[in-house]
>>> print(open('input-v6.cif').read())   # mmCIF, C-alpha atoms and all ligand atoms
data_start
#
loop_
_atom_site.group_PDB
_atom_site.id
_atom_site.type_symbol
_atom_site.label_atom_id
_atom_site.label_comp_id
_atom_site.auth_asym_id
_atom_site.auth_seq_id
_atom_site.Cartn_x
_atom_site.Cartn_y
_atom_site.Cartn_z
ATOM 1 C CA MET A 405 29.701 -15.521 34.014
ATOM 2 C CA LYS A 406 28.817 -11.856 33.618
ATOM 3 C CA ASN A 407 29.609 -11.964 29.929
ATOM 4 C CA SER A 408 27.263 -14.844 29.290
ATOM 5 C CA MET A 409 24.464 -12.952 31.078
ATOM 6 C CA ILE A 410 25.072 -9.950 28.836
ATOM 7 C CA LEU A 411 25.108 -12.187 25.767
ATOM 8 C CA MET A 412 21.857 -13.769 26.861
ATOM 9 C CA GLY A 413 20.347 -10.331 27.359
ATOM 10 C CA ILE A 414 21.394 -9.307 23.897
ATOM 11 C CA GLY A 415 19.995 -12.535 22.516
ATOM 12 C CA VAL A 416 16.621 -11.915 24.165
ATOM 13 C CA MET A 417 16.624 -8.349 22.846
ATOM 14 C CA ILE A 418 17.306 -9.531 19.308
ATOM 15 C CA ILE A 419 14.466 -12.055 19.531
ATOM 16 C CA LEU A 420 12.077 -9.404 20.894
ATOM 17 C CA VAL A 421 12.985 -6.817 18.263
ATOM 18 C CA GLY A 422 12.954 -9.450 15.529
ATOM 19 C CA GLY A 423 9.570 -10.709 16.696
ATOM 20 C CA PHE A 424 8.172 -7.192 16.789
ATOM 21 C CA VAL A 425 9.353 -6.442 13.265
ATOM 22 C CA PHE A 426 7.982 -9.757 12.061
ATOM 23 C CA VAL A 427 4.582 -9.234 13.684
ATOM 24 C CA ASN A 428 4.486 -5.701 12.323
ATOM 25 C CA ALA A 429 5.238 -6.846 8.799
ATOM 26 C CA GLY A 430 2.665 -9.580 9.160
ATOM 27 C CA SER A 431 -0.134 -7.274 10.247
ATOM 28 C CA LYS A 432 0.690 -4.857 7.453
ATOM 29 C CA GLY A 433 -0.217 -7.540 4.956
ATOM 30 C CA VAL A 434 -3.605 -8.007 6.594
ATOM 31 C CA THR A 435 -4.882 -4.641 7.781
ATOM 32 C CA GLY A 436 -2.802 -2.098 5.895
ATOM 33 C CA ASN A 437 -3.732 -0.566 2.616
ATOM 34 C CA VAL A 438 -3.896 -3.767 0.676
ATOM 35 C CA ILE A 439 -4.576 -2.364 -2.714
ATOM 36 C CA ASN A 440 -6.260 -4.198 -5.512
ATOM 37 C CA GLU A 441 -7.540 -3.083 -8.844
ATOM 38 C CA GLY A 442 -11.276 -2.447 -9.163
ATOM 39 C CA GLU A 443 -13.132 -5.711 -9.475
ATOM 40 C CA ASN A 444 -10.483 -7.776 -7.744
ATOM 41 C CA ALA A 445 -10.722 -5.793 -4.525
ATOM 42 C CA LEU A 446 -11.707 -7.852 -1.508
ATOM 43 C CA ASP A 447 -14.144 -6.800 1.182
ATOM 44 C CA GLY A 448 -12.830 -4.110 3.474
ATOM 45 C CA GLN A 449 -9.888 -3.282 1.274
ATOM 46 C CA THR A 450 -9.124 0.007 -0.328
ATOM 47 C CA GLN A 451 -9.528 -0.027 -4.075
ATOM 48 C CA LYS A 452 -7.009 1.733 -6.208
ATOM 49 C CA VAL A 453 -8.350 3.748 -9.108
ATOM 50 C CA VAL A 454 -6.202 5.573 -11.624
ATOM 51 C CA LEU A 455 -7.716 8.393 -13.649
ATOM 52 C CA SER A 456 -6.840 8.923 -17.301
ATOM 53 C CA GLN A 457 -7.675 11.774 -19.563
ATOM 54 C CA ASP A 458 -9.903 11.268 -22.590
ATOM 55 C CA GLY A 459 -9.997 14.323 -24.820
ATOM 56 C CA PHE A 460 -11.031 17.247 -22.651
ATOM 57 C CA ASN A 461 -12.624 14.933 -20.104
ATOM 58 C CA TYR A 462 -11.730 12.010 -17.892
ATOM 59 C CA GLU A 463 -12.115 8.411 -18.897
ATOM 60 C CA ASP A 464 -14.952 6.766 -16.968
ATOM 61 C CA VAL A 465 -13.798 4.654 -14.047
ATOM 62 C CA GLU A 466 -15.442 1.699 -12.366
ATOM 63 C CA VAL A 467 -15.242 0.663 -8.724
ATOM 64 C CA LYS A 468 -16.965 -1.705 -6.337
ATOM 65 C CA ALA A 469 -19.586 -0.518 -3.887
ATOM 66 C CA GLY A 470 -18.882 -0.500 -0.165
ATOM 67 C CA GLN A 471 -15.129 -0.139 -0.287
ATOM 68 C CA PRO A 472 -13.061 3.013 0.200
ATOM 69 C CA ILE A 473 -11.301 4.338 -2.859
ATOM 70 C CA SER A 474 -7.767 5.518 -3.303
ATOM 71 C CA LEU A 475 -7.703 7.712 -6.402
ATOM 72 C CA SER A 476 -4.719 8.883 -8.390
ATOM 73 C CA ALA A 477 -4.122 10.242 -11.888
ATOM 74 C CA ASP A 478 -1.734 8.904 -14.503
ATOM 75 C CA SER A 479 0.494 11.040 -16.715
ATOM 76 C CA SER A 480 -2.197 11.399 -19.395
ATOM 77 C CA VAL A 481 -4.104 13.762 -17.090
ATOM 78 C CA ARG A 482 -2.929 17.288 -17.802
ATOM 79 C CA GLY A 483 -3.363 20.851 -16.647
ATOM 80 C CA CYS A 484 -6.355 21.744 -14.530
ATOM 81 C CA LEU A 485 -7.739 18.210 -14.865
ATOM 82 C CA ARG A 486 -5.130 17.166 -12.316
ATOM 83 C CA SER A 487 -7.221 19.026 -9.786
ATOM 84 C CA VAL A 488 -10.299 16.881 -9.199
ATOM 85 C CA VAL A 489 -13.414 17.392 -7.168
ATOM 86 C CA PHE A 490 -16.055 14.864 -6.149
ATOM 87 C CA ASN A 491 -19.336 15.669 -4.468
ATOM 88 C CA PHE A 492 -21.028 12.935 -2.461
ATOM 89 C CA ASP A 493 -24.187 13.852 -0.533
ATOM 90 C CA GLY A 494 -23.146 17.490 -0.370
ATOM 91 C CA LYS A 495 -19.677 16.610 0.878
ATOM 92 C CA LYS A 496 -16.745 17.743 -1.225
ATOM 93 C CA TYR A 497 -13.620 15.699 -1.827
ATOM 94 C CA SER A 498 -10.973 17.535 -3.735
ATOM 95 C CA LYS A 499 -7.252 17.360 -4.313
ATOM 96 C CA TYR A 500 -4.641 18.582 -6.714
ATOM 97 C CA LEU A 501 -2.988 15.365 -7.904
ATOM 98 C CA GLN A 502 0.275 16.938 -8.857
ATOM 99 C CA SER A 503 2.217 13.719 -9.404
ATOM 100 C CA GLU A 504 1.202 10.132 -10.049
ATOM 101 C CA SER A 505 1.894 9.317 -6.403
ATOM 102 C CA ASP A 506 -0.611 11.870 -5.094
ATOM 103 C CA VAL A 507 -3.757 10.217 -3.836
ATOM 104 C CA LEU A 508 -7.256 11.414 -3.052
ATOM 105 C CA GLU A 509 -8.986 9.189 -0.527
ATOM 106 C CA LEU A 510 -12.659 8.706 -1.209
ATOM 107 C CA PRO A 511 -15.209 6.984 1.037
ATOM 108 C CA ALA A 512 -16.967 3.726 0.294
ATOM 109 C CA LEU A 513 -19.906 4.447 -1.981
ATOM 110 C CA LYS A 514 -23.276 2.970 -2.771
ATOM 111 C CA LYS A 515 -24.027 1.622 -6.216
ATOM 112 C CA GLY A 516 -24.661 4.287 -8.790
ATOM 113 C CA SER A 517 -23.051 6.636 -11.244
ATOM 114 C CA TYR A 518 -21.308 9.688 -9.861
ATOM 115 C CA THR A 519 -20.152 12.614 -11.945
ATOM 116 C CA PHE A 520 -16.966 14.395 -11.014
ATOM 117 C CA SER A 521 -15.008 17.202 -12.587
ATOM 118 C CA CYS A 522 -11.905 19.294 -12.421
ATOM 119 C CA THR A 523 -12.196 22.041 -9.824
ATOM 120 C CA MET A 524 -12.881 24.578 -12.579
ATOM 121 C CA GLY A 525 -15.821 22.554 -13.877
ATOM 122 C CA MET A 526 -14.375 22.180 -17.373
ATOM 123 C CA GLY A 527 -13.503 18.513 -17.649
ATOM 124 C CA PHE A 528 -15.883 15.786 -16.491
ATOM 125 C CA GLY A 529 -15.783 12.114 -15.718
ATOM 126 C CA LYS A 530 -18.011 9.361 -14.437
ATOM 127 C CA LEU A 531 -17.360 7.145 -11.468
ATOM 128 C CA ASN A 532 -19.465 4.022 -11.895
ATOM 129 C CA VAL A 533 -19.983 2.150 -8.642
ATOM 130 C CA LYS A 534 -21.132 -1.443 -9.145
HETATM 131 CU CU CU B 1 -10.480 22.578 -15.414
#
>>> encode(input="input-v6.cif", output="structure tokens", more="lines below")
Ligand SMILES: [Cu+2]
Amino acid sequence: MKNSMILMGIGVMIILVGGFVFVNAGSKGVTGNVINEGENALDGQTQKVVLSQDGFNYEDVEVKAGQPISLSADSSVRGCLRSVVFNFDGKKYSKYLQSESDVLELPALKKGSYTFSCTMGMGFGKLNVK
């Protein structure tokens, strides 16, 4: 009798824990950082943008307006260009993107063309927001 109660308790626990994990995983797919490439990004989602180097500068990148940006740099970006700085309305956003997994979070932007550079002001790039 006692054993079956314990077993039932364990069963309920497993269902609760399982349900929690399931719900958690489910919500992750909806509200987490669902990342899409540029134009395919859906409303409210973070867009992933990967910087590349082009000569002494950055290749221009294009993003959608009104959605936060998650920016990283691929292996073509070398030296001081791995340290980027953006200036939006007098607010600075800067990070040293040491590896390809380092990310600089940028806010949602209005349409326009924004210039950015390495923190030394040597290499430049254009962020086109459409
Ligand atoms: Cu530089």
>>> resolve_selection(input="input-v6.cif", expression="the PyMOL selection byres (((chain A and resi 517) around 9) and not hetatm)", output="list in words")
Lys515, Gly516, Tyr518, Thr519, Lys530, Leu531, Asn532, Val533 and Lys534 of chain A
>>> closest_residue(input="input-v6.cif", among="A:Glu509, A:Tyr462, A:Lys468, A:Lys495", to="ligand CU 1 (chain B)", atoms="only C-alpha atoms and all ligand atoms")
A:Tyr462
>>> closest_residue(input="input-v6.cif", among="A:Gln449, A:Asn491, A:Ser476, A:Thr523", to="ligand CU 1 (chain B)", atoms="all atoms listed in the file")
A:Thr523
>>> closest_residue(input="input-v6.cif", among="A:Ser479, A:Ser456, A:Ser487, A:Gln451", to="ligand CU 1 (chain B)", atoms="all atoms listed in the file")
A:Ser487
>>> resolve_selection(input="input-v6.cif", expression="the PyMOL selection byres (((not hetatm)) within 6 of (chain B and resi 1))", output="NGL selection string")
:A and (484-485 or 522-527)
>>> closest_residue(input="input-v6.cif", among="A:Val488, A:Val507, A:Leu501, A:Val481", to="A:Glu463", atoms="all atoms listed in the file")
A:Val481
>>> decode(input="input-v6.cif", residues="stretch 476-526 of chain A", atoms="N, CA and C atoms", output="PDB file, in the first residue's frame")
ATOM      1  N   SER A 476      27.501  39.591 -35.471  1.00  0.00           N
ATOM      2  CA  SER A 476      28.752  38.867 -35.228  1.00  0.00           C
ATOM      3  C   SER A 476      29.669  39.074 -36.434  1.00  0.00           C
ATOM      4  N   ALA A 477      30.881  38.555 -36.345  1.00  0.00           N
ATOM      5  CA  ALA A 477      31.843  38.723 -37.433  1.00  0.00           C
ATOM      6  C   ALA A 477      32.417  37.366 -37.815  1.00  0.00           C
ATOM      7  N   ASP A 478      32.471  37.099 -39.118  1.00  0.00           N
ATOM      8  CA  ASP A 478      33.024  35.820 -39.559  1.00  0.00           C
ATOM      9  C   ASP A 478      34.560  35.881 -39.563  1.00  0.00           C
ATOM     10  N   SER A 479      35.171  34.781 -39.984  1.00  0.00           N
ATOM     11  CA  SER A 479      36.627  34.664 -39.859  1.00  0.00           C
ATOM     12  C   SER A 479      37.392  35.557 -40.836  1.00  0.00           C
ATOM     13  N   SER A 480      36.664  36.153 -41.813  1.00  0.00           N
ATOM     14  CA  SER A 480      37.344  37.042 -42.754  1.00  0.00           C
ATOM     15  C   SER A 480      37.699  38.379 -42.108  1.00  0.00           C
ATOM     16  N   VAL A 481      37.054  38.689 -40.992  1.00  0.00           N
ATOM     17  CA  VAL A 481      37.292  39.961 -40.303  1.00  0.00           C
ATOM     18  C   VAL A 481      38.521  39.815 -39.403  1.00  0.00           C
ATOM     19  N   ARG A 482      39.536  40.653 -39.703  1.00  0.00           N
ATOM     20  CA  ARG A 482      40.815  40.469 -39.018  1.00  0.00           C
ATOM     21  C   ARG A 482      41.266  41.705 -38.259  1.00  0.00           C
ATOM     22  N   GLY A 483      42.154  41.472 -37.324  1.00  0.00           N
ATOM     23  CA  GLY A 483      42.819  42.547 -36.591  1.00  0.00           C
ATOM     24  C   GLY A 483      41.851  43.481 -35.887  1.00  0.00           C
ATOM     25  N   CYS A 484      42.138  44.774 -36.012  1.00  0.00           N
ATOM     26  CA  CYS A 484      41.337  45.751 -35.259  1.00  0.00           C
ATOM     27  C   CYS A 484      39.920  45.857 -35.793  1.00  0.00           C
ATOM     28  N   LEU A 485      39.651  45.313 -36.986  1.00  0.00           N
ATOM     29  CA  LEU A 485      38.281  45.356 -37.498  1.00  0.00           C
ATOM     30  C   LEU A 485      37.338  44.446 -36.708  1.00  0.00           C
ATOM     31  N   ARG A 486      37.925  43.578 -35.880  1.00  0.00           N
ATOM     32  CA  ARG A 486      37.072  42.731 -35.039  1.00  0.00           C
ATOM     33  C   ARG A 486      36.463  43.534 -33.892  1.00  0.00           C
ATOM     34  N   SER A 487      36.984  44.716 -33.702  1.00  0.00           N
ATOM     35  CA  SER A 487      36.447  45.600 -32.671  1.00  0.00           C
ATOM     36  C   SER A 487      35.597  46.662 -33.359  1.00  0.00           C
ATOM     37  N   VAL A 488      34.276  46.513 -33.255  1.00  0.00           N
ATOM     38  CA  VAL A 488      33.380  47.401 -34.001  1.00  0.00           C
ATOM     39  C   VAL A 488      32.699  48.416 -33.096  1.00  0.00           C
ATOM     40  N   VAL A 489      32.362  49.536 -33.692  1.00  0.00           N
ATOM     41  CA  VAL A 489      31.605  50.536 -32.945  1.00  0.00           C
ATOM     42  C   VAL A 489      30.518  51.137 -33.842  1.00  0.00           C
ATOM     43  N   PHE A 490      29.316  51.194 -33.286  1.00  0.00           N
ATOM     44  CA  PHE A 490      28.172  51.803 -33.951  1.00  0.00           C
ATOM     45  C   PHE A 490      27.741  52.998 -33.116  1.00  0.00           C
ATOM     46  N   ASN A 491      27.217  54.006 -33.791  1.00  0.00           N
ATOM     47  CA  ASN A 491      26.748  55.194 -33.112  1.00  0.00           C
ATOM     48  C   ASN A 491      25.345  55.518 -33.599  1.00  0.00           C
ATOM     49  N   PHE A 492      24.367  55.295 -32.726  1.00  0.00           N
ATOM     50  CA  PHE A 492      22.979  55.590 -33.095  1.00  0.00           C
ATOM     51  C   PHE A 492      22.446  56.687 -32.182  1.00  0.00           C
ATOM     52  N   ASP A 493      22.098  57.819 -32.740  1.00  0.00           N
ATOM     53  CA  ASP A 493      21.556  58.941 -31.961  1.00  0.00           C
ATOM     54  C   ASP A 493      22.445  59.273 -30.765  1.00  0.00           C
ATOM     55  N   GLY A 494      23.732  59.315 -30.987  1.00  0.00           N
ATOM     56  CA  GLY A 494      24.661  59.677 -29.921  1.00  0.00           C
ATOM     57  C   GLY A 494      24.940  58.567 -28.923  1.00  0.00           C
ATOM     58  N   LYS A 495      24.337  57.405 -29.140  1.00  0.00           N
ATOM     59  CA  LYS A 495      24.566  56.276 -28.249  1.00  0.00           C
ATOM     60  C   LYS A 495      25.538  55.294 -28.897  1.00  0.00           C
ATOM     61  N   LYS A 496      26.551  54.921 -28.156  1.00  0.00           N
ATOM     62  CA  LYS A 496      27.587  54.047 -28.694  1.00  0.00           C
ATOM     63  C   LYS A 496      27.311  52.586 -28.390  1.00  0.00           C
ATOM     64  N   TYR A 497      27.537  51.746 -29.386  1.00  0.00           N
ATOM     65  CA  TYR A 497      27.433  50.302 -29.207  1.00  0.00           C
ATOM     66  C   TYR A 497      28.727  49.709 -29.731  1.00  0.00           C
ATOM     67  N   SER A 498      29.489  49.137 -28.841  1.00  0.00           N
ATOM     68  CA  SER A 498      30.795  48.657 -29.259  1.00  0.00           C
ATOM     69  C   SER A 498      31.131  47.331 -28.595  1.00  0.00           C
ATOM     70  N   LYS A 499      31.840  46.499 -29.337  1.00  0.00           N
ATOM     71  CA  LYS A 499      32.290  45.233 -28.758  1.00  0.00           C
ATOM     72  C   LYS A 499      33.456  44.673 -29.560  1.00  0.00           C
ATOM     73  N   TYR A 500      34.337  44.028 -28.856  1.00  0.00           N
ATOM     74  CA  TYR A 500      35.421  43.308 -29.510  1.00  0.00           C
ATOM     75  C   TYR A 500      34.918  41.900 -29.787  1.00  0.00           C
ATOM     76  N   LEU A 501      34.683  41.595 -31.067  1.00  0.00           N
ATOM     77  CA  LEU A 501      34.140  40.301 -31.463  1.00  0.00           C
ATOM     78  C   LEU A 501      35.299  39.330 -31.686  1.00  0.00           C
ATOM     79  N   GLN A 502      35.807  38.862 -30.596  1.00  0.00           N
ATOM     80  CA  GLN A 502      37.020  38.053 -30.642  1.00  0.00           C
ATOM     81  C   GLN A 502      36.844  36.765 -31.447  1.00  0.00           C
ATOM     82  N   SER A 503      35.751  36.059 -31.203  1.00  0.00           N
ATOM     83  CA  SER A 503      35.504  34.829 -31.965  1.00  0.00           C
ATOM     84  C   SER A 503      34.188  34.974 -32.727  1.00  0.00           C
ATOM     85  N   GLU A 504      33.914  33.996 -33.570  1.00  0.00           N
ATOM     86  CA  GLU A 504      32.698  34.062 -34.385  1.00  0.00           C
ATOM     87  C   GLU A 504      31.437  33.926 -33.542  1.00  0.00           C
ATOM     88  N   SER A 505      31.593  33.467 -32.297  1.00  0.00           N
ATOM     89  CA  SER A 505      30.412  33.318 -31.443  1.00  0.00           C
ATOM     90  C   SER A 505      30.146  34.562 -30.601  1.00  0.00           C
ATOM     91  N   ASP A 506      31.057  35.537 -30.651  1.00  0.00           N
ATOM     92  CA  ASP A 506      30.813  36.789 -29.928  1.00  0.00           C
ATOM     93  C   ASP A 506      29.769  37.609 -30.663  1.00  0.00           C
ATOM     94  N   VAL A 507      28.881  38.200 -29.893  1.00  0.00           N
ATOM     95  CA  VAL A 507      27.753  38.917 -30.490  1.00  0.00           C
ATOM     96  C   VAL A 507      27.603  40.304 -29.886  1.00  0.00           C
ATOM     97  N   LEU A 508      27.351  41.261 -30.748  1.00  0.00           N
ATOM     98  CA  LEU A 508      27.023  42.621 -30.304  1.00  0.00           C
ATOM     99  C   LEU A 508      25.538  42.827 -30.564  1.00  0.00           C
ATOM    100  N   GLU A 509      24.807  43.098 -29.490  1.00  0.00           N
ATOM    101  CA  GLU A 509      23.364  43.316 -29.633  1.00  0.00           C
ATOM    102  C   GLU A 509      23.112  44.775 -29.983  1.00  0.00           C
ATOM    103  N   LEU A 510      22.376  44.962 -31.070  1.00  0.00           N
ATOM    104  CA  LEU A 510      22.035  46.316 -31.484  1.00  0.00           C
ATOM    105  C   LEU A 510      20.521  46.488 -31.424  1.00  0.00           C
ATOM    106  N   PRO A 511      20.066  47.725 -31.169  1.00  0.00           N
ATOM    107  CA  PRO A 511      18.619  47.950 -31.065  1.00  0.00           C
ATOM    108  C   PRO A 511      17.941  47.905 -32.429  1.00  0.00           C
ATOM    109  N   ALA A 512      16.624  47.861 -32.401  1.00  0.00           N
ATOM    110  CA  ALA A 512      15.855  47.985 -33.637  1.00  0.00           C
ATOM    111  C   ALA A 512      16.072  49.385 -34.183  1.00  0.00           C
ATOM    112  N   LEU A 513      16.235  49.477 -35.492  1.00  0.00           N
ATOM    113  CA  LEU A 513      16.551  50.774 -36.100  1.00  0.00           C
ATOM    114  C   LEU A 513      15.491  51.204 -37.098  1.00  0.00           C
ATOM    115  N   LYS A 514      15.485  52.516 -37.342  1.00  0.00           N
ATOM    116  CA  LYS A 514      14.616  53.047 -38.392  1.00  0.00           C
ATOM    117  C   LYS A 514      15.317  52.891 -39.733  1.00  0.00           C
ATOM    118  N   LYS A 515      14.528  52.986 -40.787  1.00  0.00           N
ATOM    119  CA  LYS A 515      15.102  52.876 -42.131  1.00  0.00           C
ATOM    120  C   LYS A 515      16.180  53.924 -42.349  1.00  0.00           C
ATOM    121  N   GLY A 516      17.207  53.537 -43.052  1.00  0.00           N
ATOM    122  CA  GLY A 516      18.284  54.478 -43.331  1.00  0.00           C
ATOM    123  C   GLY A 516      19.594  53.750 -43.538  1.00  0.00           C
ATOM    124  N   SER A 517      20.634  54.519 -43.736  1.00  0.00           N
ATOM    125  CA  SER A 517      21.959  53.951 -43.921  1.00  0.00           C
ATOM    126  C   SER A 517      22.863  54.450 -42.804  1.00  0.00           C
ATOM    127  N   TYR A 518      23.409  53.527 -42.056  1.00  0.00           N
ATOM    128  CA  TYR A 518      24.224  53.878 -40.899  1.00  0.00           C
ATOM    129  C   TYR A 518      25.675  53.449 -41.138  1.00  0.00           C
ATOM    130  N   THR A 519      26.573  54.365 -40.908  1.00  0.00           N
ATOM    131  CA  THR A 519      27.991  54.041 -41.050  1.00  0.00           C
ATOM    132  C   THR A 519      28.531  53.562 -39.713  1.00  0.00           C
ATOM    133  N   PHE A 520      29.359  52.542 -39.779  1.00  0.00           N
ATOM    134  CA  PHE A 520      30.022  52.079 -38.558  1.00  0.00           C
ATOM    135  C   PHE A 520      31.496  51.885 -38.880  1.00  0.00           C
ATOM    136  N   SER A 521      32.277  51.648 -37.875  1.00  0.00           N
ATOM    137  CA  SER A 521      33.717  51.508 -38.096  1.00  0.00           C
ATOM    138  C   SER A 521      34.343  50.630 -37.031  1.00  0.00           C
ATOM    139  N   CYS A 522      35.618  50.354 -37.216  1.00  0.00           N
ATOM    140  CA  CYS A 522      36.358  49.711 -36.141  1.00  0.00           C
ATOM    141  C   CYS A 522      36.609  50.791 -35.095  1.00  0.00           C
ATOM    142  N   THR A 523      36.925  50.400 -33.889  1.00  0.00           N
ATOM    143  CA  THR A 523      37.028  51.387 -32.807  1.00  0.00           C
ATOM    144  C   THR A 523      38.170  52.377 -33.029  1.00  0.00           C
ATOM    145  N   MET A 524      39.098  52.039 -33.941  1.00  0.00           N
ATOM    146  CA  MET A 524      40.187  52.965 -34.230  1.00  0.00           C
ATOM    147  C   MET A 524      39.827  53.928 -35.349  1.00  0.00           C
ATOM    148  N   GLY A 525      38.685  53.706 -35.998  1.00  0.00           N
ATOM    149  CA  GLY A 525      38.247  54.574 -37.072  1.00  0.00           C
ATOM    150  C   GLY A 525      39.045  54.385 -38.357  1.00  0.00           C
ATOM    151  N   MET A 526      39.507  53.182 -38.591  1.00  0.00           N
ATOM    152  CA  MET A 526      40.297  52.889 -39.793  1.00  0.00           C
ATOM    153  C   MET A 526      39.480  52.186 -40.868  1.00  0.00           C
TER     154      MET A 526
END
